[in-house]
Amino acid sequence: IYYRSTRGPRAAILEMVSSVPEPFDFPKEEEEVLRLWKKIDAFRTSLKQSKDRPRYTFYDGPPFATGLPHYGHILAGTIKDIVTRYAHQSGFHVERRFGWDCHGLPVEYEIDKTLDIKGPEDVAKMGVAAYNTECRKIVMRYSKEWEEVVNRLGRWIDFENDYKTLYPWFMESVWWVFKQIYDKGMVYRGYKVMPFSTACSTPLSNFEAGQNYKEVSDPAIIVSFPLDEEPSVSVIAWTTTPWTLPSNIALCVHPEFNYVKVKDNTTEKVYIMLEDRLAALFKQQEEYTILEKMVGASLVGKKYKPLFGYFAHLKTAEPNKGPFRIVSDKYVTAEEGTGVVHQAPGFGEDDFRVCLQHGIVQKGDQVVCPVDASGRFTAEVNDFQGQHVKAADAHLIKKLKELGRLVHQGTCKHSYPFCWRSETPLIYKAVPSWFIKVESIVDKLLACNKQYYWVPDFVKEKRFHNWLKDARDWAISRNRYWGTPIPLWVSEDHTEVVCVGSIEELAQLSGVRVTDLHRDSIDHITIPSVRGGAPLKRVPEVFDCWFESGSMPYGQVHYPFENKKAFEQSFPADFIAEGIDQTRGWFYTLLVVSTILFNRPPYKNLIINGLVLAGDGTKMSKRLKNYTDPVVIVNQYGADAVRLYLIDSPVVRGDNLCFKDEGVRDVVKDVFLPWLNAYKFLIQNVQRLEREEKVVFKADEDFVPTNVMDRWIVSFTQSLITFVQKEMEAYRLYTVVPKLIRFIDQLTNWYVRFNRKRIKGDFGQPECLQSLQTLFSVIYSMTRMMAPFTPFLTEHMFQNLRRLLPWTLSDENASIHYIMFPKPRSNLIDPTIEQAVSRMQTAIELGRLIRDQKIIPIKYPLPEVVVIHRDSTSYDDFKTLKNYILEELNVKELTIASDEKKYGVMLTGVADNDRLGKRLKGDFKKVSQSVAAMTTQQLEEFLKAGQVTLEGHTLTVEDIKIRYGVDAAMSEQYAASADGSLMVLLNIVQDQRMVDEGVAREVVNRIQRTRKKGGLKPQDSVTVVYRAQAEGAGEEGAKAAASLESVIGTHQQYIESTTKGPIVSYSSTTYDLSNPITKEEQTIKGLDGIVLSLWIVKSDSQPPQQTPPSSTPT
């Protein structure tokens, strides 16, 4: 395994092993890795290496390049990168192509703002061609910044071989998709009330409207509608949208609710309203008199006087026919308003449905809708013509007051939908649109939803299932310009329709061949009528950009015009990932399109992440500046830290994350630095081995350890590899990262800490070589495991580690990301050893806890630790690991026992206030007292049974906190602590010899501190000169100083072997102390008024060799 040589081929390789930079600048080292990747063309090289492997298909959801990437993009990108890197390391070929959403409102809205375009008439003036030219200019405005950020975050994805929804070949596939849907009879043109953005002059789909709700205050008014049959009596209705009142043509009541005819005692006016809603108008019962009661159904058919005269001509004299009459429907509620809902079918989905059901409007006919595409009243409402509907509310209320129809005026705070692009309030408006019949395939959608795997699954089973169950027909048309044109050519009366599915088909039908499919390239093209009538013209609408993104699996490969076989072999995708907001967006549109085309889902596995919010829990806002720019955080802490912080958070389980900068900092402090220190310790000791002992280290990948701690950490590593493989195959990233972080703790705080002296060669070369081999094996395995998660730090480490492997260095192993994920070596997994060390760790942690409670520093030895465990099979574990327990707890003797009574152990119960306070309420006090009164025996029986009944309440082990102590007779000598069935007692009585040992350890600590401040390395040959002095005059101070010098002299051999250098008393030194390497004055805890002066000078002699202790850990 090892070569003894001072020179030669292997030594030459070792000379290339680099020392770890100090201090280690994570962002700077990541930039070095980026330069390496660029130099070796790492991403493309990895794809070339894997081209003959089985395919793993991944779809990347296309973002818009009109805005900069934010933490939501970074999170989703990190998840995608981790999964696809892991798939590559697991033996697959993974194509990763970046996609861009180039059409639709995000682009057009920017142009409208820039060019001050107010509505369709402004576009008509400049022309569609000129307008689209402006859109094309800004489509990729921030593409360079996107590429820089994505690359800087370590994500490997192909930007050169990307797809853009504006590419003609992508658009042609979208045409093909639509034609398949159209030919299945799944497309129709309808007049439907839809969410409508007046700022963007276009309807939105229901899932778009659901993306951006805000709390707003709107006017809330009650308006009167005098009955024709009894003009002195008015039905009153409540509304928060006064602008819809000019379009009122009906009133709706609940057929089964109880209504009243009520007199306002102040005004003498008589109203009809819901009995349960009298409080909406009257504060006290004395303010009104009920004249009559009736059921809602009895009001149906009654006609009333229109509010305004704009559409009064539509009123008919025939009973139960025409507008301006009362109808009924059970959607009316008793929770708000007056129990009477005014109906404006041009501006409400329920209004339209109810009026259609009662014959007030006819299917296919135009409804009353006096508002244009910009949200302004048309000439039909001449009093308010040209006013935006929202701005007209105040004027309308004033008009109603003048007409004597305003009964009550107030405000209402409620949740209201806003346009996701323009951030302006939406309205609901009846518009002609092209629809896909989604409602007819709900059963198929639900069936397909069961065929793939979601993480977390509750989103699939609840949120997404409910959305699919209530799915509406999808309005796929937009009255816009910059998008993929809907390929329908129609006659003027829409009775002749031709759906075109390709550029070639359009050429055959029209005689015109095009190379671009945007409106300005095809709107002029006509298709001859087969009936001999006027040529067919294309409908003016373009596709909703969500239809394009839902078609991306086909568009990105130009299916079925190219890559037909390759696509069909790799469909559906193995994996996709996006945020939880895409349950109503991309995930939904992908599924709808795929279900219609192939009756199968378009993906097999899906990870859905929650939202990244600002630190205060609000939405991240550039305007509010409530978060730090991602680039700033990356430049401060590194991309790996950002990646791991995001992945090790609730956001990967579908919950939200309040992003905190200090969370990224803590990843560096708590995870990366300990891991880096373990790696650094390995490299330092590989170099030390050659420098001091002329032995060149060479890793053996088939190494099998024999030392118990070596076997433990190797077994723990192999168990972790097994776990990570299992969890990654289940796409549960949120379980993997905590385990990896815990492993770093096990490696650094347990294995390296316990084996530092072995690794440094203090116990001889064989022990050193075996422990180095173990440490290398573990760190190398961990580097490969962590590579998908932290690609930069693992690459940095690998560039050194690869030179210690028994390989010929080549392009094939030039990057950690070319190396396969480690396969678990089951023969090295030993659950017995893992359990034994786990018990040892618990015993040590309990001992540390006692020291902390008693304020006894670990440097000061104690005479005995007693380990009590009821399971006798554990005794051998503690005996085997005895020396580690003694050394770590700094005690002289270990006693293993099963009878805690011998040591006077007492148990005390305390009721958990947090758990029981709310649950027990008034009974908590007496239950708490009963818990406190339980004896040690009762508490032991409770622990065995797992529950106890007190004061009529059943309590479990979670409800009672158990505290351990010793009785008065033993409390002077022992202190106790326990965890489950394991109890530890420390003998806390020290003699002077032990106190002196503690002082000697304190001196070692001060010397090491001084060396560190002087910038010295372990191998630097120096001598320490010391002097102890009292700060003031006096006999006691002089005695204490002399005592400290005596302790140092008595423990000189220990101090020198530990600090790796000689120490000399000031009184006997011959060194020139006028110009030392460094000088420090230190104090020792417990020795008040004593100053320990330390000089470090260059040494003329080599550091002494340590004499191994009589009991070496094995």
# chains A, B, ... in the order shown; residues from 1 in each chain; ligands from 1
>>> residues_around(residues="Val999 in chain A", least_positions_apart="2", cutoff="10 Å", atoms="only C-alpha atoms", output="list in words")
Lys859, Tyr860, Arg993, Met994, Val995, Asp996, Glu997, Arg1001, Glu1002, Val1003, Val1004, Asn1005, Leu1044, Val1047, Ile1048, His1051, Ile1084, Lys1085, Gly1086 and Leu1087 of chain A
>>> write_last_selection(atoms="N, CA, C and O atoms", output="PDB file, in the first residue's frame")
ATOM      1  N   LYS A 859     -10.270  20.307  30.810  1.00  0.00           N
ATOM      2  CA  LYS A 859      -8.814  20.201  30.991  1.00  0.00           C
ATOM      3  C   LYS A 859      -8.455  19.599  32.354  1.00  0.00           C
ATOM      4  O   LYS A 859      -7.354  19.097  32.545  1.00  0.00           O
ATOM      5  N   TYR A 860      -9.391  19.664  33.296  1.00  0.00           N
ATOM      6  CA  TYR A 860      -9.087  19.184  34.652  1.00  0.00           C
ATOM      7  C   TYR A 860      -9.597  17.761  34.824  1.00  0.00           C
ATOM      8  O   TYR A 860     -10.801  17.500  34.712  1.00  0.00           O
ATOM      9  N   ARG A 993      -3.230  16.509  42.708  1.00  0.00           N
ATOM     10  CA  ARG A 993      -2.527  15.992  41.524  1.00  0.00           C
ATOM     11  C   ARG A 993      -3.357  16.239  40.262  1.00  0.00           C
ATOM     12  O   ARG A 993      -2.832  16.616  39.206  1.00  0.00           O
ATOM     13  N   MET A 994      -4.637  16.033  40.377  1.00  0.00           N
ATOM     14  CA  MET A 994      -5.512  16.240  39.218  1.00  0.00           C
ATOM     15  C   MET A 994      -5.637  17.721  38.870  1.00  0.00           C
ATOM     16  O   MET A 994      -5.673  18.093  37.698  1.00  0.00           O
ATOM     17  N   VAL A 995      -5.683  18.549  39.912  1.00  0.00           N
ATOM     18  CA  VAL A 995      -5.735  19.993  39.660  1.00  0.00           C
ATOM     19  C   VAL A 995      -4.481  20.433  38.915  1.00  0.00           C
ATOM     20  O   VAL A 995      -4.550  21.223  37.960  1.00  0.00           O
ATOM     21  N   ASP A 996      -3.337  19.901  39.326  1.00  0.00           N
ATOM     22  CA  ASP A 996      -2.080  20.265  38.659  1.00  0.00           C
ATOM     23  C   ASP A 996      -2.084  19.814  37.194  1.00  0.00           C
ATOM     24  O   ASP A 996      -1.587  20.524  36.317  1.00  0.00           O
ATOM     25  N   GLU A 997      -2.624  18.628  36.931  1.00  0.00           N
ATOM     26  CA  GLU A 997      -2.719  18.162  35.540  1.00  0.00           C
ATOM     27  C   GLU A 997      -3.572  19.123  34.711  1.00  0.00           C
ATOM     28  O   GLU A 997      -3.260  19.415  33.548  1.00  0.00           O
ATOM     29  N   ARG A1001      -2.535  21.329  31.346  1.00  0.00           N
ATOM     30  CA  ARG A1001      -3.296  21.396  30.094  1.00  0.00           C
ATOM     31  C   ARG A1001      -3.616  22.852  29.719  1.00  0.00           C
ATOM     32  O   ARG A1001      -3.619  23.217  28.551  1.00  0.00           O
ATOM     33  N   GLU A1002      -3.889  23.664  30.756  1.00  0.00           N
ATOM     34  CA  GLU A1002      -4.129  25.087  30.491  1.00  0.00           C
ATOM     35  C   GLU A1002      -2.877  25.737  29.894  1.00  0.00           C
ATOM     36  O   GLU A1002      -2.954  26.563  28.980  1.00  0.00           O
ATOM     37  N   VAL A1003      -1.723  25.361  30.399  1.00  0.00           N
ATOM     38  CA  VAL A1003      -0.458  25.905  29.883  1.00  0.00           C
ATOM     39  C   VAL A1003      -0.275  25.500  28.426  1.00  0.00           C
ATOM     40  O   VAL A1003       0.116  26.316  27.581  1.00  0.00           O
ATOM     41  N   VAL A1004      -0.558  24.222  28.113  1.00  0.00           N
ATOM     42  CA  VAL A1004      -0.468  23.774  26.723  1.00  0.00           C
ATOM     43  C   VAL A1004      -1.369  24.630  25.834  1.00  0.00           C
ATOM     44  O   VAL A1004      -0.984  25.080  24.745  1.00  0.00           O
ATOM     45  N   ASN A1005      -2.582  24.880  26.306  1.00  0.00           N
ATOM     46  CA  ASN A1005      -3.536  25.690  25.545  1.00  0.00           C
ATOM     47  C   ASN A1005      -2.982  27.085  25.278  1.00  0.00           C
ATOM     48  O   ASN A1005      -3.094  27.620  24.162  1.00  0.00           O
ATOM     49  N   LEU A1044       3.024  27.589  40.020  1.00  0.00           N
ATOM     50  CA  LEU A1044       2.754  27.407  38.593  1.00  0.00           C
ATOM     51  C   LEU A1044       4.017  26.925  37.882  1.00  0.00           C
ATOM     52  O   LEU A1044       3.968  26.008  37.055  1.00  0.00           O
ATOM     53  N   VAL A1047       4.505  23.307  38.630  1.00  0.00           N
ATOM     54  CA  VAL A1047       3.599  22.446  37.859  1.00  0.00           C
ATOM     55  C   VAL A1047       4.127  22.263  36.440  1.00  0.00           C
ATOM     56  O   VAL A1047       4.140  21.149  35.890  1.00  0.00           O
ATOM     57  N   ILE A1048       4.596  23.362  35.847  1.00  0.00           N
ATOM     58  CA  ILE A1048       5.129  23.271  34.480  1.00  0.00           C
ATOM     59  C   ILE A1048       6.354  22.362  34.452  1.00  0.00           C
ATOM     60  O   ILE A1048       6.516  21.523  33.552  1.00  0.00           O
ATOM     61  N   HIS A1051       5.345  18.657  34.755  1.00  0.00           N
ATOM     62  CA  HIS A1051       4.659  18.125  33.583  1.00  0.00           C
ATOM     63  C   HIS A1051       5.358  18.534  32.284  1.00  0.00           C
ATOM     64  O   HIS A1051       4.735  18.587  31.216  1.00  0.00           O
ATOM     65  N   ILE A1084      -4.128  32.193  33.682  1.00  0.00           N
ATOM     66  CA  ILE A1084      -4.617  30.829  33.848  1.00  0.00           C
ATOM     67  C   ILE A1084      -5.857  30.866  34.727  1.00  0.00           C
ATOM     68  O   ILE A1084      -5.858  31.498  35.802  1.00  0.00           O
ATOM     69  N   LYS A1085      -6.913  30.212  34.268  1.00  0.00           N
ATOM     70  CA  LYS A1085      -8.153  30.179  35.026  1.00  0.00           C
ATOM     71  C   LYS A1085      -7.909  29.561  36.402  1.00  0.00           C
ATOM     72  O   LYS A1085      -7.286  28.505  36.520  1.00  0.00           O
ATOM     73  N   GLY A1086      -8.375  30.232  37.428  1.00  0.00           N
ATOM     74  CA  GLY A1086      -8.216  29.736  38.794  1.00  0.00           C
ATOM     75  C   GLY A1086      -6.968  30.241  39.480  1.00  0.00           C
ATOM     76  O   GLY A1086      -6.798  30.063  40.690  1.00  0.00           O
ATOM     77  N   LEU A1087      -6.057  30.852  38.725  1.00  0.00           N
ATOM     78  CA  LEU A1087      -4.829  31.407  39.302  1.00  0.00           C
ATOM     79  C   LEU A1087      -4.882  32.923  39.176  1.00  0.00           C
ATOM     80  O   LEU A1087      -4.170  33.540  38.362  1.00  0.00           O
TER      81      LEU A1087
END
>>> residues_around(residues="range 968-983 of chain A", least_positions_apart="4", cutoff="6 Å", atoms="only C-alpha atoms", output="PyMOL selection string")
chain A and resi 846+867-869+964+987-989
>>> select_by_dssp(residues="range 709-897 of chain A", states="alpha helix (DSSP H)", output="number ranges by chain")
A: 709-729, 733-745, 753-759, 765-786, 791-801, 831-854, 875-880, 882-889
>>> write_last_selection(atoms="C-alpha atoms", output="compact mmCIF listing (two decimals), in the first residue's frame")
# COMPACT_ATOMS: atom_id res chain seq x y z
CA MET A 709 -12.71 3.55 15.35
CA ASP A 710 -11.51 3.10 11.77
CA ARG A 711 -14.04 0.31 11.30
CA TRP A 712 -16.75 2.53 12.82
CA ILE A 713 -16.24 5.56 10.58
CA VAL A 714 -15.86 3.38 7.48
CA SER A 715 -19.03 1.46 8.39
CA PHE A 716 -20.83 4.75 9.07
CA THR A 717 -19.67 6.02 5.66
CA GLN A 718 -20.85 2.92 3.81
CA SER A 719 -24.22 3.05 5.62
CA LEU A 720 -24.51 6.68 4.57
CA ILE A 721 -23.77 5.83 0.93
CA THR A 722 -26.55 3.22 1.05
CA PHE A 723 -28.94 5.75 2.58
CA VAL A 724 -28.10 8.52 0.12
CA GLN A 725 -28.57 6.22 -2.88
CA LYS A 726 -31.96 5.11 -1.59
CA GLU A 727 -33.16 8.64 -0.82
CA MET A 728 -31.84 10.20 -4.03
CA GLU A 729 -33.59 7.52 -6.06
CA LEU A 733 -33.27 15.72 -1.13
CA TYR A 734 -34.56 17.04 2.17
CA THR A 735 -33.60 13.81 3.97
CA VAL A 736 -30.16 13.53 2.35
CA VAL A 737 -28.62 16.86 3.30
CA PRO A 738 -29.26 16.59 7.08
CA LYS A 739 -27.60 13.15 7.03
CA LEU A 740 -24.61 14.49 5.14
CA ILE A 741 -24.28 17.36 7.59
CA ARG A 742 -24.50 14.96 10.54
CA PHE A 743 -21.82 12.84 8.89
CA ILE A 744 -19.50 15.85 8.77
CA ASP A 745 -20.03 16.21 12.52
CA ARG A 753 -10.84 14.44 17.22
CA PHE A 754 -10.32 10.96 18.69
CA ASN A 755 -7.58 9.97 16.26
CA ARG A 756 -5.51 13.13 15.86
CA LYS A 757 -2.47 11.65 17.57
CA ARG A 758 -2.63 8.42 15.55
CA ILE A 759 -2.94 10.35 12.28
CA GLN A 765 4.02 4.59 11.66
CA PRO A 766 1.70 1.55 11.27
CA GLU A 767 -1.03 3.28 13.25
CA CYS A 768 -0.43 6.48 11.29
CA LEU A 769 -0.69 4.74 7.92
CA GLN A 770 -3.86 2.85 8.82
CA SER A 771 -5.59 5.95 10.18
CA LEU A 772 -4.49 8.01 7.15
CA GLN A 773 -5.86 5.35 4.83
CA THR A 774 -9.15 5.44 6.75
CA LEU A 775 -9.36 9.22 6.70
CA PHE A 776 -8.60 9.34 2.99
CA SER A 777 -11.20 6.67 2.22
CA VAL A 778 -13.88 8.51 4.16
CA ILE A 779 -13.12 11.99 2.79
CA TYR A 780 -12.88 10.69 -0.77
CA SER A 781 -16.22 8.88 -0.43
CA MET A 782 -17.76 11.98 1.06
CA THR A 783 -16.36 14.16 -1.70
CA ARG A 784 -18.07 11.98 -4.31
CA MET A 785 -21.31 11.91 -2.32
CA MET A 786 -21.39 15.67 -1.86
CA PRO A 791 -19.79 21.08 -6.79
CA PHE A 792 -17.10 23.67 -6.07
CA LEU A 793 -15.66 22.57 -2.74
CA THR A 794 -15.69 18.92 -3.77
CA GLU A 795 -13.88 19.81 -7.00
CA HIS A 796 -11.27 21.77 -5.08
CA MET A 797 -10.64 18.82 -2.77
CA PHE A 798 -10.66 16.27 -5.56
CA GLN A 799 -7.92 18.04 -7.50
CA ASN A 800 -5.60 17.16 -4.58
CA LEU A 801 -7.11 13.80 -3.64
CA PRO A 831 -24.20 -2.25 12.67
CA THR A 832 -22.76 -3.63 15.91
CA ILE A 833 -19.80 -1.26 15.82
CA GLU A 834 -22.03 1.67 14.81
CA GLN A 835 -24.30 0.96 17.79
CA ALA A 836 -21.33 0.58 20.14
CA VAL A 837 -19.84 3.93 19.12
CA SER A 838 -23.26 5.55 19.30
CA ARG A 839 -23.55 4.38 22.93
CA MET A 840 -20.05 5.66 23.61
CA GLN A 841 -20.94 9.04 22.12
CA THR A 842 -24.04 9.25 24.32
CA ALA A 843 -21.99 8.46 27.41
CA ILE A 844 -19.42 11.11 26.49
CA GLU A 845 -22.07 13.74 25.78
CA LEU A 846 -23.74 13.04 29.11
CA GLY A 847 -20.35 13.36 30.84
CA ARG A 848 -19.72 16.66 29.08
CA LEU A 849 -23.15 17.85 30.18
CA ILE A 850 -22.33 17.10 33.81
CA ARG A 851 -19.01 18.98 33.53
CA ASP A 852 -20.86 21.98 32.06
CA GLN A 853 -23.47 21.91 34.81
CA LYS A 854 -20.80 21.69 37.52
CA TYR A 875 -20.90 -3.74 28.64
CA ASP A 876 -18.41 -5.10 26.12
CA ASP A 877 -18.97 -2.00 23.95
CA PHE A 878 -17.95 0.29 26.76
CA LYS A 879 -14.98 -1.90 27.68
CA THR A 880 -13.74 -1.96 24.08
CA LYS A 882 -12.86 2.49 27.35
CA ASN A 883 -9.75 4.48 26.44
CA TYR A 884 -11.71 6.84 24.20
CA ILE A 885 -14.20 7.56 26.99
CA LEU A 886 -11.42 8.13 29.53
CA GLU A 887 -9.46 10.43 27.24
CA GLU A 888 -12.43 12.44 25.97
CA LEU A 889 -13.94 12.98 29.42
>>> closest_atom_pairs(of="range 19-115 of chain A", to="range 464-481 of chain A", cutoff="12 Å", atoms="only C-alpha atoms", output="Markdown table")
| residue | atom | partner | partner_atom | distance |
| --- | --- | --- | --- | --- |
| A:His103 | CA | A:Tyr481 | CA | 9.2 |
| A:Gly104 | CA | A:Arg480 | CA | 7.9 |
| A:Leu105 | CA | A:Arg480 | CA | 8.4 |
| A:Pro106 | CA | A:Arg480 | CA | 11.9 |
| A:Val107 | CA | A:Tyr481 | CA | 10.6 |
| A:Glu108 | CA | A:Tyr481 | CA | 8.2 |
| A:Tyr109 | CA | A:Arg480 | CA | 10.6 |
| A:Ile111 | CA | A:Tyr481 | CA | 11.6 |
| A:Asp112 | CA | A:Arg480 | CA | 11.6 |
>>> write_last_selection(atoms="N, CA, C and O atoms", output="tab-separated table (two decimals), in the first residue's frame")
chain	number	residue	atom	x	y	z
A	103	HIS	N	-42.23	34.84	-25.49
A	103	HIS	CA	-43.45	35.50	-25.93
A	103	HIS	C	-44.31	35.96	-24.75
A	103	HIS	O	-44.05	35.60	-23.62
A	104	GLY	N	-45.34	36.71	-25.09
A	104	GLY	CA	-46.38	36.98	-24.11
A	104	GLY	C	-46.26	38.28	-23.36
A	104	GLY	O	-45.46	39.16	-23.68
A	105	LEU	N	-47.07	38.39	-22.32
A	105	LEU	CA	-47.23	39.64	-21.58
A	105	LEU	C	-45.95	40.20	-20.99
A	105	LEU	O	-45.77	41.42	-21.00
A	106	PRO	N	-45.04	39.39	-20.43
A	106	PRO	CA	-43.85	39.99	-19.84
A	106	PRO	C	-43.08	40.86	-20.82
A	106	PRO	O	-42.56	41.91	-20.45
A	107	VAL	N	-43.01	40.42	-22.08
A	107	VAL	CA	-42.30	41.20	-23.09
A	107	VAL	C	-43.16	42.38	-23.54
A	107	VAL	O	-42.71	43.53	-23.58
A	108	GLU	N	-44.43	42.11	-23.89
A	108	GLU	CA	-45.29	43.15	-24.42
A	108	GLU	C	-45.52	44.27	-23.40
A	108	GLU	O	-45.59	45.45	-23.77
A	109	TYR	N	-45.66	43.92	-22.16
A	109	TYR	CA	-45.92	44.93	-21.16
A	109	TYR	C	-44.74	45.90	-21.05
A	109	TYR	O	-44.94	47.12	-20.87
A	111	ILE	N	-42.72	46.73	-23.50
A	111	ILE	CA	-42.78	47.58	-24.69
A	111	ILE	C	-43.89	48.61	-24.55
A	111	ILE	O	-43.73	49.79	-24.90
A	112	ASP	N	-45.05	48.19	-24.03
A	112	ASP	CA	-46.16	49.14	-23.84
A	112	ASP	C	-45.75	50.27	-22.92
A	112	ASP	O	-46.09	51.44	-23.16
>>> residues_around(residues="range 1061-1065 of chain A", least_positions_apart="6", cutoff="6 Å", atoms="only C-alpha atoms", output="PyMOL selection string")
chain A and resi 1023-1026+1103
>>> residues_around(residues="Lys437 in chain A", least_positions_apart="3", cutoff="12 Å", atoms="only C-alpha atoms", output="list in words")
Ile181, Tyr182, Lys184, Gly185, Met186, Val187, Tyr188, Arg189, Gly190, Trp434, Ser440, Ile441, Val442, Ala471, Arg472, Asp473, Trp474, Ala475, Ile476, Val592, Val593 and Ile596 of chain A
>>> closest_residue(among="A:Cys135, A:Leu591, A:Leu506, A:Leu75", to="Gln451 in chain A", atoms="only C-alpha atoms")
A:Leu591
